[in-house]
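Asks: Input model28.tsv, format and content: TSV, C-alpha atoms.
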chain	number	residue	atom	x	y	z
Z	1	MET	CA	90.92	58.51	112.36
Z	2	GLU	CA	89.65	62.02	111.68
Z	3	GLU	CA	91.31	64.79	113.71
Z	4	ALA	CA	87.99	65.99	115.13
Z	5	ILE	CA	87.14	62.49	116.37
Z	6	LYS	CA	90.61	62.01	117.79
Z	7	LYS	CA	90.31	65.30	119.65
Z	8	GLU	CA	86.98	64.29	121.19
Z	9	ILE	CA	88.28	60.87	122.20
Z	10	LEU	CA	91.41	62.35	123.78
Z	11	TYR	CA	89.23	64.81	125.68
Z	12	ASP	CA	86.99	62.03	127.02
Z	13	LEU	CA	89.97	59.86	127.95
Z	14	SER	CA	91.70	62.76	129.76
Z	15	GLN	CA	88.52	63.50	131.71
Z	16	ALA	CA	88.01	59.86	132.64
Z	17	ILE	CA	91.62	59.60	133.81
Z	18	ALA	CA	91.26	62.80	135.86
Z	19	ILE	CA	88.08	61.43	137.49
Z	20	LEU	CA	89.67	58.12	138.37
Z	21	GLU	CA	93.08	59.43	139.53
Z	22	GLN	CA	91.84	59.08	143.10
Z	23	ARG	CA	89.16	56.65	144.15
Z	24	GLU	CA	86.34	58.77	145.59
Z	25	SER	CA	82.57	58.39	145.94
Z	26	LYS	CA	81.97	61.28	143.52
Z	27	ASP	CA	83.65	59.27	140.71
Z	28	VAL	CA	80.36	57.58	139.89
Z	29	GLU	CA	78.41	60.79	139.28
Z	30	GLU	CA	81.30	62.39	137.40
Z	31	LEU	CA	81.54	59.41	135.06
Z	32	ARG	CA	77.80	59.61	134.39
Z	33	ILE	CA	78.13	63.29	133.46
Z	34	LEU	CA	81.11	62.53	131.23
Z	35	SER	CA	79.19	59.75	129.50
Z	36	ASP	CA	76.31	62.18	128.84
Z	37	HIS	CA	78.82	64.53	127.24
Z	38	GLY	CA	80.06	61.62	125.10
Z	39	ILE	CA	76.55	60.91	123.84
Z	40	GLU	CA	76.37	64.45	122.46
Z	41	ASP	CA	79.60	63.82	120.54
Z	42	VAL	CA	78.23	60.57	119.21
Z	43	ALA	CA	75.11	62.33	117.99
Z	44	VAL	CA	77.23	64.84	116.11
Z	45	HIS	CA	79.88	62.56	114.67
Z	46	LYS	CA	78.15	59.14	114.51
Z	47	ASN	CA	81.57	57.55	114.73
Z	48	LEU	CA	82.04	53.98	115.93
Z	49	ASP	CA	85.24	54.67	117.91
Z	50	LEU	CA	83.42	57.40	119.72
Z	51	ILE	CA	80.43	55.13	120.30
Z	52	SER	CA	82.73	52.47	121.77
Z	53	LEU	CA	84.38	54.94	124.13
Z	54	THR	CA	81.07	56.46	125.19
Z	55	VAL	CA	79.62	53.04	125.91
Z	56	LEU	CA	82.79	52.16	127.77
Z	57	ILE	CA	82.57	55.26	129.99
Z	58	TYR	CA	78.90	54.56	130.66
Z	59	SER	CA	79.71	51.00	131.64
Z	60	LEU	CA	82.52	52.20	133.90
Z	61	TYR	CA	79.96	54.45	135.61
Z	62	LYS	CA	77.79	51.36	136.19
Z	63	ILE	CA	80.50	49.15	137.67
Z	64	ILE	CA	83.07	51.47	139.21
Z	65	ALA	CA	81.59	51.48	142.73
Z	66	SER	CA	81.62	47.71	142.99
Z	67	ILE	CA	85.01	46.71	141.60
Z	68	THR	CA	88.14	45.79	143.56
Z	69	ASP	CA	90.98	48.26	144.11
Z	70	LYS	CA	93.17	46.12	141.89
Z	71	ASP	CA	90.72	46.26	138.95
Z	72	TYR	CA	90.26	50.00	139.58
Z	73	SER	CA	94.03	50.54	139.18
Z	74	THR	CA	94.16	48.32	136.10
Z	75	ILE	CA	91.33	50.30	134.49
Z	76	LEU	CA	93.07	53.59	135.23
Z	77	GLN	CA	96.35	52.33	133.79
Z	78	GLU	CA	94.66	50.99	130.65
Z	79	LEU	CA	92.91	54.36	130.12
Z	80	ARG	CA	96.33	56.02	130.32
Z	81	ASN	CA	97.70	53.49	127.83
Z	82	ALA	CA	94.81	54.16	125.45
Z	83	LYS	CA	95.37	57.91	125.63
Z	84	SER	CA	99.10	57.61	125.11
Z	85	SER	CA	98.67	55.27	122.11
Z	86	LEU	CA	96.13	57.56	120.48
Z	87	GLU	CA	98.36	60.59	120.99
Z	88	LYS	CA	101.09	58.71	119.12
Z	89	ASN	CA	98.61	57.59	116.43
Z	90	GLN	CA	99.21	53.96	117.40
Z	91	LEU	CA	95.67	52.88	116.57
Z	92	GLY	CA	96.37	49.16	116.90
Z	93	LYS	CA	97.60	49.61	120.47
Z	94	TYR	CA	94.72	51.96	121.22
Z	95	ASN	CA	92.21	49.30	120.08
Z	96	VAL	CA	93.92	46.69	122.24
Z	97	SER	CA	93.55	48.94	125.30
Z	98	ILE	CA	89.87	49.53	124.56
Z	99	LYS	CA	89.37	45.78	124.17
Z	100	VAL	CA	91.06	45.14	127.54
Z	101	LEU	CA	88.89	47.81	129.17
Z	102	PHE	CA	85.72	46.16	127.87
Z	103	GLN	CA	86.95	42.82	129.21
Z	104	LEU	CA	87.42	44.43	132.63
Z	105	VAL	CA	83.87	45.83	132.47
Z	106	ARG	CA	82.47	42.39	131.70
Z	107	LYS	CA	84.41	40.95	134.58
Z	108	GLY	CA	82.94	43.64	136.80
Z	109	ASP	CA	79.26	42.98	136.51
Z	110	ALA	CA	77.28	40.43	134.53
Z	111	LYS	CA	74.15	42.61	134.74
Z	112	VAL	CA	75.87	45.49	132.98
Z	113	LYS	CA	76.79	43.09	130.23
Z	114	VAL	CA	73.13	42.30	129.57
Z	115	HIS	CA	72.06	45.96	129.50
Z	116	LEU	CA	74.86	47.16	127.30
Z	117	GLN	CA	75.13	44.15	125.09
Z	118	ASP	CA	73.00	45.45	122.25
Z	119	VAL	CA	74.80	48.78	121.84
Z	120	MET	CA	78.28	47.41	122.40
Z	121	GLU	CA	77.78	44.38	120.21
Z	122	ALA	CA	76.20	46.39	117.40
Z	123	ALA	CA	79.23	48.67	117.21
Z	124	LYS	CA	81.64	45.77	117.29
Z	125	ILE	CA	79.72	43.72	114.74
Z	126	LYS	CA	79.75	46.64	112.32
Z	127	LYS	CA	83.48	47.02	112.70
Z	128	SER	CA	84.22	43.35	112.33
Z	129	ALA	CA	81.99	43.16	109.24
Z	130	ALA	CA	84.11	45.94	107.73
Z	131	LEU	CA	87.23	43.86	108.40
Z	132	PHE	CA	85.57	40.80	106.88
Z	133	GLU	CA	84.71	42.78	103.77
Z	134	LYS	CA	88.36	43.75	103.51
Z	135	GLY	CA	89.32	40.11	103.13
Z	136	LEU	CA	90.00	38.88	106.65
Z	137	SER	CA	88.44	35.55	107.57
Z	138	ILE	CA	85.26	35.50	109.68
Z	139	GLY	CA	87.20	34.10	112.63
Z	140	GLN	CA	89.92	36.70	112.30
Z	141	ALA	CA	87.54	39.65	111.86
Z	142	ALA	CA	85.30	38.57	114.74
Z	143	GLY	CA	88.23	37.74	117.01
Z	144	LEU	CA	89.83	41.17	116.59
Z	145	MET	CA	86.66	42.77	117.96
Z	146	GLY	CA	86.24	40.22	120.72
Z	147	LEU	CA	83.19	38.68	119.05
Z	148	SER	CA	82.30	35.08	118.33
Z	149	ASN	CA	81.97	33.67	114.81
Z	150	TRP	CA	78.23	33.28	115.50
Z	151	ASP	CA	77.79	37.06	115.85
Z	152	LEU	CA	79.59	37.94	112.65
Z	153	GLN	CA	78.25	35.09	110.53
Z	154	ALA	CA	74.67	35.91	111.50
Z	155	TYR	CA	75.25	39.54	110.51
Z	156	ALA	CA	77.32	38.91	107.36
Z	157	GLY	CA	74.66	36.58	105.94
Z	158	LYS	CA	72.16	39.41	105.97
Z	159	THR	CA	74.43	41.90	104.21
Z	160	THR	CA	76.07	41.92	100.80
Z	161	ALA	CA	79.44	41.05	102.38
Z	162	LEU	CA	79.33	37.45	101.15
Z	163	ASP	CA	78.52	38.53	97.60
Z	164	GLN	CA	81.66	40.62	97.26
Z	165	HIS	CA	83.66	37.58	96.35
Z	166	GLU	CA	84.38	35.61	93.21
Z	167	GLU	CA	84.48	31.88	93.65
Z	168	ASN	CA	87.39	30.12	91.95
Z	169	VAL	CA	85.89	26.67	91.76
Z	170	PRO	CA	82.57	26.52	89.87
Z	171	ALA	CA	79.62	25.65	92.10
Z	172	THR	CA	78.65	22.82	89.74
Z	173	LYS	CA	82.07	21.21	90.28
Z	174	ARG	CA	81.81	21.46	94.07
Z	175	VAL	CA	78.30	20.01	94.02
Z	176	ALA	CA	79.53	17.12	91.85
Z	177	THR	CA	82.41	16.49	94.30
Z	178	ALA	CA	80.03	16.50	97.27
Z	179	LEU	CA	77.55	14.12	95.61
Z	180	LYS	CA	80.39	11.76	94.70
Z	181	ILE	CA	81.81	11.76	98.25
Z	182	PHE	CA	78.38	10.90	99.65
Z	183	GLY	CA	77.65	8.39	96.92
Z	184	VAL	CA	74.51	10.21	95.80
Z	185	SER	CA	73.57	10.61	92.17
Y	1	MET	CA	89.48	-6.84	105.46
Y	2	ALA	CA	87.98	-3.42	106.08
Y	3	GLY	CA	89.66	-0.48	104.38
Y	4	PRO	CA	90.74	2.68	106.16
Y	5	GLN	CA	88.02	4.62	107.96
Y	6	ARG	CA	86.38	7.28	105.81
Y	7	VAL	CA	86.71	10.75	107.33
Y	8	LEU	CA	85.36	14.27	106.79
Y	9	PHE	CA	86.44	17.34	108.76
Y	10	PHE	CA	84.14	20.25	109.54
Y	11	ASP	CA	85.10	23.87	110.05
Y	12	THR	CA	82.95	26.09	112.32
Y	13	GLY	CA	81.14	28.09	109.62
Y	14	PRO	CA	79.14	25.31	107.92
Y	15	ILE	CA	77.81	23.99	111.24
Y	16	ILE	CA	76.81	27.52	112.31
Y	17	THR	CA	74.96	27.89	109.00
Y	18	LEU	CA	73.15	24.58	109.40
Y	19	VAL	CA	72.16	25.33	113.00
Y	20	MET	CA	70.91	28.82	112.19
Y	21	SER	CA	69.04	27.60	109.07
Y	22	ARG	CA	67.27	24.92	111.16
Y	23	LEU	CA	68.92	22.26	109.00
Y	24	VAL	CA	71.38	20.76	111.43
Y	25	TRP	CA	69.24	17.61	111.67
Y	26	ILE	CA	70.52	16.58	108.23
Y	27	LEU	CA	74.00	15.88	109.65
Y	28	PRO	CA	73.19	12.50	111.28
Y	29	GLU	CA	71.51	11.41	108.04
Y	30	LEU	CA	74.46	12.58	105.95
Y	31	LYS	CA	76.81	10.73	108.27
Y	32	LYS	CA	74.87	7.49	107.83
Y	33	GLN	CA	74.99	7.94	104.07
Y	34	PHE	CA	78.71	8.71	104.16
Y	35	GLY	CA	79.51	5.72	106.36
Y	36	GLY	CA	82.51	7.26	108.10
Y	37	LYS	CA	83.51	9.73	110.77
Y	38	PHE	CA	82.69	13.44	111.01
Y	39	TYR	CA	85.45	15.23	112.91
Y	40	ILE	CA	85.91	18.70	114.34
Y	41	THR	CA	89.07	20.02	115.99
Y	42	PRO	CA	89.24	21.37	119.57
Y	43	ALA	CA	89.44	24.94	118.19
Y	44	VAL	CA	86.23	24.41	116.24
Y	45	LYS	CA	84.52	22.99	119.34
Y	46	ARG	CA	85.60	26.09	121.30
Y	47	GLU	CA	84.06	28.43	118.75
Y	48	LEU	CA	81.02	26.26	118.19
Y	49	VAL	CA	80.11	25.39	121.77
Y	50	THR	CA	82.32	26.77	124.54
Y	51	ARG	CA	82.26	30.41	123.45
Y	52	PRO	CA	78.55	30.81	122.59
Y	53	MET	CA	77.59	29.16	125.89
Y	54	ASP	CA	78.53	32.54	127.42
Y	55	ILE	CA	76.45	34.52	124.92
Y	56	LYS	CA	72.74	34.50	125.78
Y	57	ARG	CA	71.74	35.04	122.15
Y	58	TYR	CA	73.53	31.88	121.00
Y	59	GLU	CA	73.35	29.70	124.09
Y	60	PHE	CA	70.68	27.39	122.69
Y	61	GLU	CA	72.47	27.13	119.35
Y	62	ALA	CA	75.55	26.07	121.31
Y	63	LEU	CA	73.46	23.34	122.96
Y	64	GLU	CA	72.32	22.17	119.53
Y	65	ALA	CA	75.94	21.84	118.45
Y	66	LEU	CA	76.82	20.15	121.73
Y	67	LYS	CA	74.00	17.64	121.16
Y	68	LEU	CA	75.69	16.56	117.94
Y	69	ILE	CA	78.89	15.93	119.88
Y	70	LYS	CA	77.10	14.11	122.71
Y	71	GLU	CA	75.32	11.86	120.24
Y	72	GLY	CA	78.57	11.09	118.46
Y	73	VAL	CA	77.59	12.65	115.15
Y	74	LEU	CA	80.58	15.00	115.46
Y	75	GLU	CA	83.73	13.67	117.11
Y	76	ILE	CA	86.61	15.69	118.46
Y	77	TYR	CA	89.92	15.02	116.73
Y	78	ASP	CA	92.50	15.39	119.47
Y	79	LYS	CA	95.70	14.52	117.62
Y	80	VAL	CA	96.35	18.12	116.62
Y	81	PRO	CA	99.93	18.58	115.38
Y	82	GLU	CA	100.43	21.87	117.26
Y	83	LYS	CA	103.91	22.64	115.92
Y	84	GLU	CA	102.81	22.06	112.36
Y	85	VAL	CA	99.81	24.32	112.84
Y	86	ALA	CA	102.02	27.05	114.33
Y	87	ARG	CA	104.51	26.74	111.46
Y	88	LEU	CA	101.80	27.03	108.78
Y	89	HIS	CA	100.11	29.86	110.66
Y	90	THR	CA	103.38	31.82	110.53
Y	91	LEU	CA	103.84	30.94	106.88
Y	92	ALA	CA	100.32	32.07	105.92
Y	93	ASN	CA	100.43	35.28	107.87
Y	94	SER	CA	103.85	36.31	106.58
Y	95	SER	CA	102.79	35.93	102.95
Y	96	PHE	CA	101.20	39.36	102.54
Y	97	LYS	CA	102.40	42.77	103.64
Y	98	LEU	CA	100.52	46.05	103.75
Y	99	ASP	CA	102.48	49.20	104.59
Y	100	ASN	CA	105.42	46.91	105.32
Y	101	GLN	CA	103.48	45.05	108.01
Y	102	ASN	CA	102.51	41.39	107.89
Y	103	MET	CA	98.79	40.91	107.33
Y	104	GLU	CA	97.23	38.31	109.56
Y	105	VAL	CA	94.64	36.99	107.14
Y	106	VAL	CA	93.82	33.60	108.66
Y	107	GLN	CA	93.45	32.26	112.21
Y	108	SER	CA	95.34	29.31	113.59
Y	109	GLY	CA	92.01	27.56	114.25
Y	110	GLU	CA	91.23	27.61	110.54
Y	111	ILE	CA	94.63	26.19	109.71
Y	112	GLU	CA	94.27	23.58	112.47
Y	113	SER	CA	91.21	22.10	110.75
Y	114	VAL	CA	92.90	21.73	107.38
Y	115	VAL	CA	96.16	20.36	108.84
Y	116	CYS	CA	94.22	17.76	110.87
Y	117	ALA	CA	92.13	16.83	107.85
Y	118	LEU	CA	95.29	16.17	105.84
Y	119	GLN	CA	96.91	14.25	108.68
Y	120	ALA	CA	93.83	12.03	109.09
Y	121	GLY	CA	93.60	11.40	105.34
Y	122	ALA	CA	90.16	13.04	105.16
Y	123	GLU	CA	88.30	12.85	101.87
Y	124	ALA	CA	87.33	16.50	102.18
Y	125	MET	CA	87.09	19.50	104.41
Y	126	ILE	CA	83.68	21.10	104.89
Y	127	MET	CA	84.54	24.79	104.93
Y	128	ASP	CA	82.77	28.01	104.04
Y	129	GLU	CA	85.61	30.35	104.97
Y	130	ARG	CA	86.36	32.12	101.70
Y	131	THR	CA	89.78	33.58	102.55
Y	132	MET	CA	91.19	30.21	103.54
Y	133	ARG	CA	89.63	28.53	100.50
Y	134	LEU	CA	91.04	31.15	98.18
Y	135	PHE	CA	94.47	30.85	99.77
Y	136	ILE	CA	94.44	27.08	99.23
Y	137	GLU	CA	92.73	26.95	95.86
Y	138	ASN	CA	94.01	30.03	94.03
Y	139	ASN	CA	96.57	32.04	95.96
Y	140	LYS	CA	97.32	34.34	93.00
Y	141	GLU	CA	93.89	35.87	93.49
Y	142	MET	CA	94.66	36.68	97.13
Y	143	LYS	CA	96.96	39.59	96.33
Y	144	ALA	CA	94.45	41.12	93.90
Y	145	LEU	CA	91.63	40.64	96.39
Y	146	LEU	CA	93.49	42.32	99.23
Y	147	GLU	CA	94.59	45.20	97.00
Y	148	ARG	CA	91.02	45.78	95.84
Y	149	ARG	CA	89.70	45.70	99.37
Y	150	PHE	CA	92.35	47.91	100.96
Y	151	ASN	CA	92.88	50.13	97.92
Y	152	LYS	CA	96.64	49.91	98.51
Y	153	THR	CA	99.53	47.95	97.08
Y	154	VAL	CA	100.01	44.66	98.86
Y	155	SER	CA	103.43	43.04	98.63
Y	156	ILE	CA	103.72	39.29	98.68
Y	157	ASP	CA	106.32	36.80	99.79
Y	158	LYS	CA	105.80	34.44	96.89
Y	159	GLU	CA	107.84	31.64	98.41
Y	160	ASN	CA	105.85	31.61	101.67
Y	161	MET	CA	102.56	31.97	99.83
Y	162	ASN	CA	103.23	29.12	97.39
Y	163	HIS	CA	104.72	26.94	100.08
Y	164	PHE	CA	101.57	27.32	102.18
Y	165	SER	CA	99.21	26.63	99.29
Y	166	LYS	CA	101.26	23.64	98.16
Y	167	GLU	CA	101.26	22.05	101.60
Y	168	LEU	CA	97.52	22.37	102.06
Y	169	GLY	CA	96.46	22.31	98.42
Y	170	SER	CA	95.66	18.63	98.10
Y	171	ILE	CA	92.57	18.80	100.30
Y	172	LYS	CA	89.17	18.87	98.61
Y	173	ILE	CA	86.86	21.56	99.95
Y	174	ILE	CA	83.09	21.52	99.95
Y	175	ARG	CA	80.81	24.12	101.51
Y	176	SER	CA	77.64	24.01	103.60
Y	177	ILE	CA	75.58	24.78	100.50
Y	178	GLU	CA	76.84	21.59	98.86
Y	179	LEU	CA	75.90	19.55	101.93
Y	180	ILE	CA	72.37	20.91	101.55
Y	181	CYS	CA	72.41	19.85	97.89
Y	182	VAL	CA	73.36	16.33	98.95
Y	183	ALA	CA	70.52	16.32	101.50
Y	184	TYR	CA	68.09	17.48	98.82
Y	185	LYS	CA	69.24	14.81	96.37
Y	186	MET	CA	68.89	12.17	99.11
Y	187	GLY	CA	65.27	13.24	99.50
Y	188	LEU	CA	65.81	14.38	103.09
Y	189	LEU	CA	63.97	17.63	102.47
Y	190	ASN	CA	60.93	16.08	100.77
Y	191	SER	CA	58.71	16.55	103.81
Y	192	TYR	CA	58.96	20.31	103.20
Y	193	LEU	CA	57.64	20.07	99.62
Y	194	PRO	CA	54.61	22.34	99.20
Y	195	ALA	CA	51.65	20.81	97.40
Y	196	GLN	CA	51.84	22.88	94.26
Y	197	LYS	CA	52.98	22.46	90.69
Y	198	ASP	CA	56.33	24.18	91.16
Y	199	GLY	CA	56.83	22.73	94.65
Y	200	ARG	CA	60.37	21.51	93.99
Y	201	GLU	CA	61.47	24.89	92.71
Y	202	VAL	CA	59.98	26.62	95.76
Y	203	LEU	CA	61.68	24.18	98.12
Y	204	VAL	CA	65.13	24.41	96.49
Y	205	GLU	CA	64.99	28.19	96.33
Y	206	ALA	CA	63.79	28.48	99.94
Y	207	VAL	CA	66.45	26.22	101.38
Y	208	LEU	CA	69.32	27.74	99.40
Y	209	TRP	CA	68.35	31.27	100.40
Y	210	ALA	CA	67.86	30.24	104.02
Y	211	ALA	CA	71.43	28.97	104.04
Y	212	LYS	CA	72.74	32.09	102.33
Y	213	TYR	CA	70.97	34.40	104.77
Y	214	ASN	CA	72.51	32.43	107.60
Y	215	GLY	CA	76.05	32.91	106.45
Y	216	ALA	CA	76.65	30.17	103.86
Y	217	ALA	CA	79.48	31.30	101.59
Y	218	VAL	CA	77.56	31.39	98.35
Y	219	THR	CA	76.96	34.25	95.96
Y	220	GLU	CA	73.57	35.22	94.57
Y	221	HIS	CA	74.68	34.08	91.13
Y	222	GLU	CA	75.68	30.69	92.53
Y	223	VAL	CA	72.31	30.25	94.23
Y	224	GLU	CA	70.67	30.52	90.82
Y	225	GLU	CA	73.22	28.19	89.25
Y	226	ILE	CA	72.80	25.57	91.98
Y	227	LYS	CA	69.03	25.86	91.85
Y	228	ASP	CA	69.06	25.06	88.11
Y	229	LEU	CA	71.41	22.16	88.73
Y	230	MET	CA	69.23	20.70	91.48
Y	231	LEU	CA	66.06	20.97	89.40
Y	232	LYS	CA	67.63	19.48	86.27
Y	233	LYS	CA	66.06	16.10	85.49
Here is the file; what I need is its structure written in the form of structure tokens.
Replies:
Amino acid sequence: MEEAIKKEILYDLSQAIAILEQRESKDVEELRILSDHGIEDVAVHKNLDLISLTVLIYSLYKIIASITDKDYSTILQELRNAKSSLEKNQLGKYNVSIKVLFQLVRKGDAKVKVHLQDVMEAAKIKKSAALFEKGLSIGQAAGLMGLSNWDLQAYAGKTTALDQHEENVPATKRVATALKIFGVS
Amino acid sequence: MAGPQRVLFFDTGPIITLVMSRLVWILPELKKQFGGKFYITPAVKRELVTRPMDIKRYEFEALEALKLIKEGVLEIYDKVPEKEVARLHTLANSSFKLDNQNMEVVQSGEIESVVCALQAGAEAMIMDERTMRLFIENNKEMKALLERRFNKTVSIDKENMNHFSKELGSIKIIRSIELICVAYKMGLLNSYLPAQKDGREVLVEAVLWAAKYNGAAVTEHEVEEIKDLMLKK
């Protein structure tokens, strides 16, 4: 991750943590303002990690007033975990925390899920397609981003991802095998 | 006396391709022609039906897949040898290391399908998943592939890698695109033939590209190759 991006993400995480340290009615408005700040960063950097975090903060703004105290504490703790992992350059752990936070958002409000689905899913699909192109299986690449195989397969079919691969068994041989199995000539 | 039941196992990918290409209706016809059972594992059912039922965009597609199960076209194979799947999952995902870390290249669900297919004596596995196919069919290429993709040196545990490939290597694999070829050769797609001189060519090209655009694991070069093969008299 680029230093500039990391700096922005750490800033946003620190602000979100500061806002949520104590549960107050002004949290909602402060999260909205923070998410607006995040959008400016996204416009400058066009970075997917930043997009994810910005979308996450926006979704927290949407659900925070209606969640239980227990979920509120879990969200705060997971934000702290994300910040700590990123500070130590533990990107795998950071991604896990972000994934958990999105799961908590989904749990919070089904309506938010519908509104944010397009933006959130687009970012995740792009990332999982990159993993797929690197040689991970569709299931593995989709699963890491919390997506279903349907999402990634629909996307991958419309890109060149499936062409970046040399088949080892000639197509003619596989067709012959299939026709034989089905008893078709 | 009747011989053993003929069996084919399906991975998730080919069914997704057929559903999204509006070709899933060929499966009951293919099953009749095959004269045996079409199985999926519980992990495949989860990915095919349970999961997309929660995703508005794919909810109806999930119902289409569920219909195949309800009508008995696809049956759930419930004798999954869990320990064997776990052992092979560990073996596969400890075969390659990047920056001294094991690379998890395949999911246990993908392994589950192949292990069940072998256990049930299936004649073939219907699978589009390229990583798994490469691992089974030509594991030497896996290292080169990963190195090209990650632009880093990948170290291999040759023993684990070969052990995995050897254990699963006897299964025949065919892809969704080959199922479509069978359907074409059976004449199942004839009702789509346009009334024009090169109607067959148009139909074959259209159906192969529809499958490719909906995630069938087939390269552009292969589409051309298969098209020529299908049109050959």
Asks: Nearest residue to chain Y out of Z:Lys6, Z:Lys180, Z:His37, Z:Lys134, using all atoms listed in the file?
Replies: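 Of the candidates, the smallest distance to chain Y is held by Z:Lys134.
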Asks: Would you pick out the contacts of Leu34 in chain Z at 9 Å or less, using only C-alpha atoms, so that residues sharing its chain but fewer than 5 positions from it are not included, and give the list as JSON, numbers by chain?
Replies: {"Z": [12, 15, 16, 29, 39, 54, 57, 58]}
Asks: Chain Z near chain Y within 9 Å: what's each residue's closest atom pair and its distance in Å to one decimal, counting all atoms listed in the file, ordered by chain then ascending residue number, as a Markdown table?
Replies:
| residue | atom | partner | partner_atom | distance |
| --- | --- | --- | --- | --- |
| Z:Val114 | CA | Y:Lys56 | CA | 8.7 |
| Z:Glu133 | CA | Y:Arg149 | CA | 7.3 |
| Z:Lys134 | CA | Y:Arg149 | CA | 4.8 |
| Z:Gly135 | CA | Y:Leu146 | CA | 6.1 |
| Z:Leu136 | CA | Y:Val105 | CA | 5.0 |
| Z:Ser137 | CA | Y:Thr131 | CA | 5.6 |
| Z:Ile138 | CA | Y:Glu129 | CA | 7.0 |
| Z:Gly139 | CA | Y:Gln107 | CA | 6.5 |
| Z:Gln140 | CA | Y:Gln107 | CA | 5.7 |
| Z:Ala141 | CA | Y:Val105 | CA | 8.9 |
| Z:Gly143 | CA | Y:Gln107 | CA | 9.0 |
| Z:Ser148 | CA | Y:Glu47 | CA | 6.9 |
| Z:Asn149 | CA | Y:Glu47 | CA | 6.9 |
| Z:Trp150 | CA | Y:Ile16 | CA | 6.7 |
| Z:Asp151 | CA | Y:Tyr58 | CA | 8.5 |
| Z:Leu152 | CA | Y:Gly215 | CA | 8.7 |
| Z:Gln153 | CA | Y:Gly215 | CA | 5.1 |
| Z:Ala154 | CA | Y:Asn214 | CA | 5.7 |
| Z:Tyr155 | CA | Y:Gly215 | CA | 7.8 |
| Z:Ala156 | CA | Y:Gly215 | CA | 6.2 |
| Z:Gly157 | CA | Y:Gly215 | CA | 4.0 |
| Z:Lys158 | CA | Y:Tyr213 | CA | 5.3 |
| Z:Thr159 | CA | Y:Tyr213 | CA | 8.3 |
| Z:Leu162 | CA | Y:Ala217 | CA | 6.2 |
| Z:Asp163 | CA | Y:Thr219 | CA | 4.8 |
| Z:Gln164 | CA | Y:Thr219 | CA | 8.0 |
| Z:His165 | CA | Y:Thr219 | CA | 7.5 |
| Z:Glu166 | CA | Y:Thr219 | CA | 8.0 |
| Z:Glu167 | CA | Y:Leu134 | CA | 8.0 |
| Z:Asn168 | CA | Y:Asn138 | CA | 6.9 |
| Z:Val169 | CA | Y:Glu137 | CA | 8.0 |
| Z:Pro170 | CA | Y:Glu222 | CA | 8.5 |
| Z:Ala171 | CA | Y:Glu222 | CA | 6.4 |
| Z:Thr172 | CA | Y:Ile226 | CA | 6.8 |
| Z:Arg174 | CA | Y:Ile174 | CA | 6.0 |
| Z:Val175 | CA | Y:Glu178 | CA | 5.3 |
| Z:Ala176 | CA | Y:Glu178 | CA | 8.7 |
| Z:Thr177 | CA | Y:Ile174 | CA | 7.6 |
| Z:Ala178 | CA | Y:Glu178 | CA | 6.2 |
| Z:Leu179 | CA | Y:Val182 | CA | 5.8 |
| Z:Ile181 | CA | Y:Phe34 | CA | 7.3 |
| Z:Phe182 | CA | Y:Phe34 | CA | 5.0 |
| Z:Gly183 | CA | Y:Phe34 | CA | 7.3 |
| Z:Val184 | CA | Y:Met186 | CA | 6.8 |
| Z:Ser185 | CA | Y:Lys185 | CA | 7.4 |
Asks: In terms of the shortest atom-to-atom distance over only C-alpha atoms, which of Z:Leu147, Z:Ala129, Z:Val55, Z:Met1 is closest to Thr160 in chain Z?
Replies: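 With only C-alpha atoms as the atom set, the closest residue is Z:Ala129.
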Asks: Identify which of the residues Y:Met161, Y:Val24, Y:Leu66, Y:Ile171 lies closest to Ala122 in chain Y, counting only C-alpha atoms when measuring atom-to-atom distances.
Replies: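 Closest candidate: Y:Ile171.
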Asks: Please determine, counting only C-alpha atoms, which residue among Y:Lys227, Y:Lys143, Y:Lys45, Y:Lys158 has the shortest atom-to-atom distance to Asp78 in chain Y.
Replies: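 Answer, going by the shortest atom-to-atom distance: Y:Lys45.
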Asks: Go through Y:Lys37, Y:Arg87, Y:Lys97, Y:Lys152 one by one, measure the shortest atom-to-atom distance of each to Ile69 in chain Y using all atoms listed in the file, and give the residue with the smallest value.
Replies: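 Looking at the shortest contact to Ile69 in chain Y, the residue is Y:Lys37.
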Asks: Report, in Å to a single decimal, how far apart CA of Glu71 in chain Y and CA of Val207 in chain Y are.
Replies: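 If I compute the distance from CA of Val207 in chain Y to CA of Glu71 in chain Y, I get 25.3 Å.
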Asks: Using all atoms listed in the file, pick whichever of Y:Glu201, Y:Asp157, Y:Glu29, Y:Glu82 has the shortest atom-to-atom distance to Val115 in chain Y.
Replies: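 Of Y:Glu201, Y:Asp157, Y:Glu29, Y:Glu82, the one nearest Val115 in chain Y, counting all atoms listed in the file, is Y:Glu82.
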Asks: To one decimal in Å, tell me the separation between CA of Ala43 in chain Y and CA of Lys79 in chain Y.
Replies: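 Distance between the two atoms: 12.2 Å.
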Asks: Distance CA of Ala65 in chain Z-CA of Leu20 in chain Z, one decimal place?
Replies: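 Separating CA of Ala65 in chain Z from CA of Leu20 in chain Z is a distance of 11.3 Å.
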Asks: Report as a PyMOL selection string all protein, DNA and RNA residues lying within 9 Å of range 99-104 of chain Z, evaluated on all atoms listed in the file, omitting residues in the same chain fewer than 6 positions from it.
Replies: chain Z and resi 56+59+71+74-75+78-79+144-146
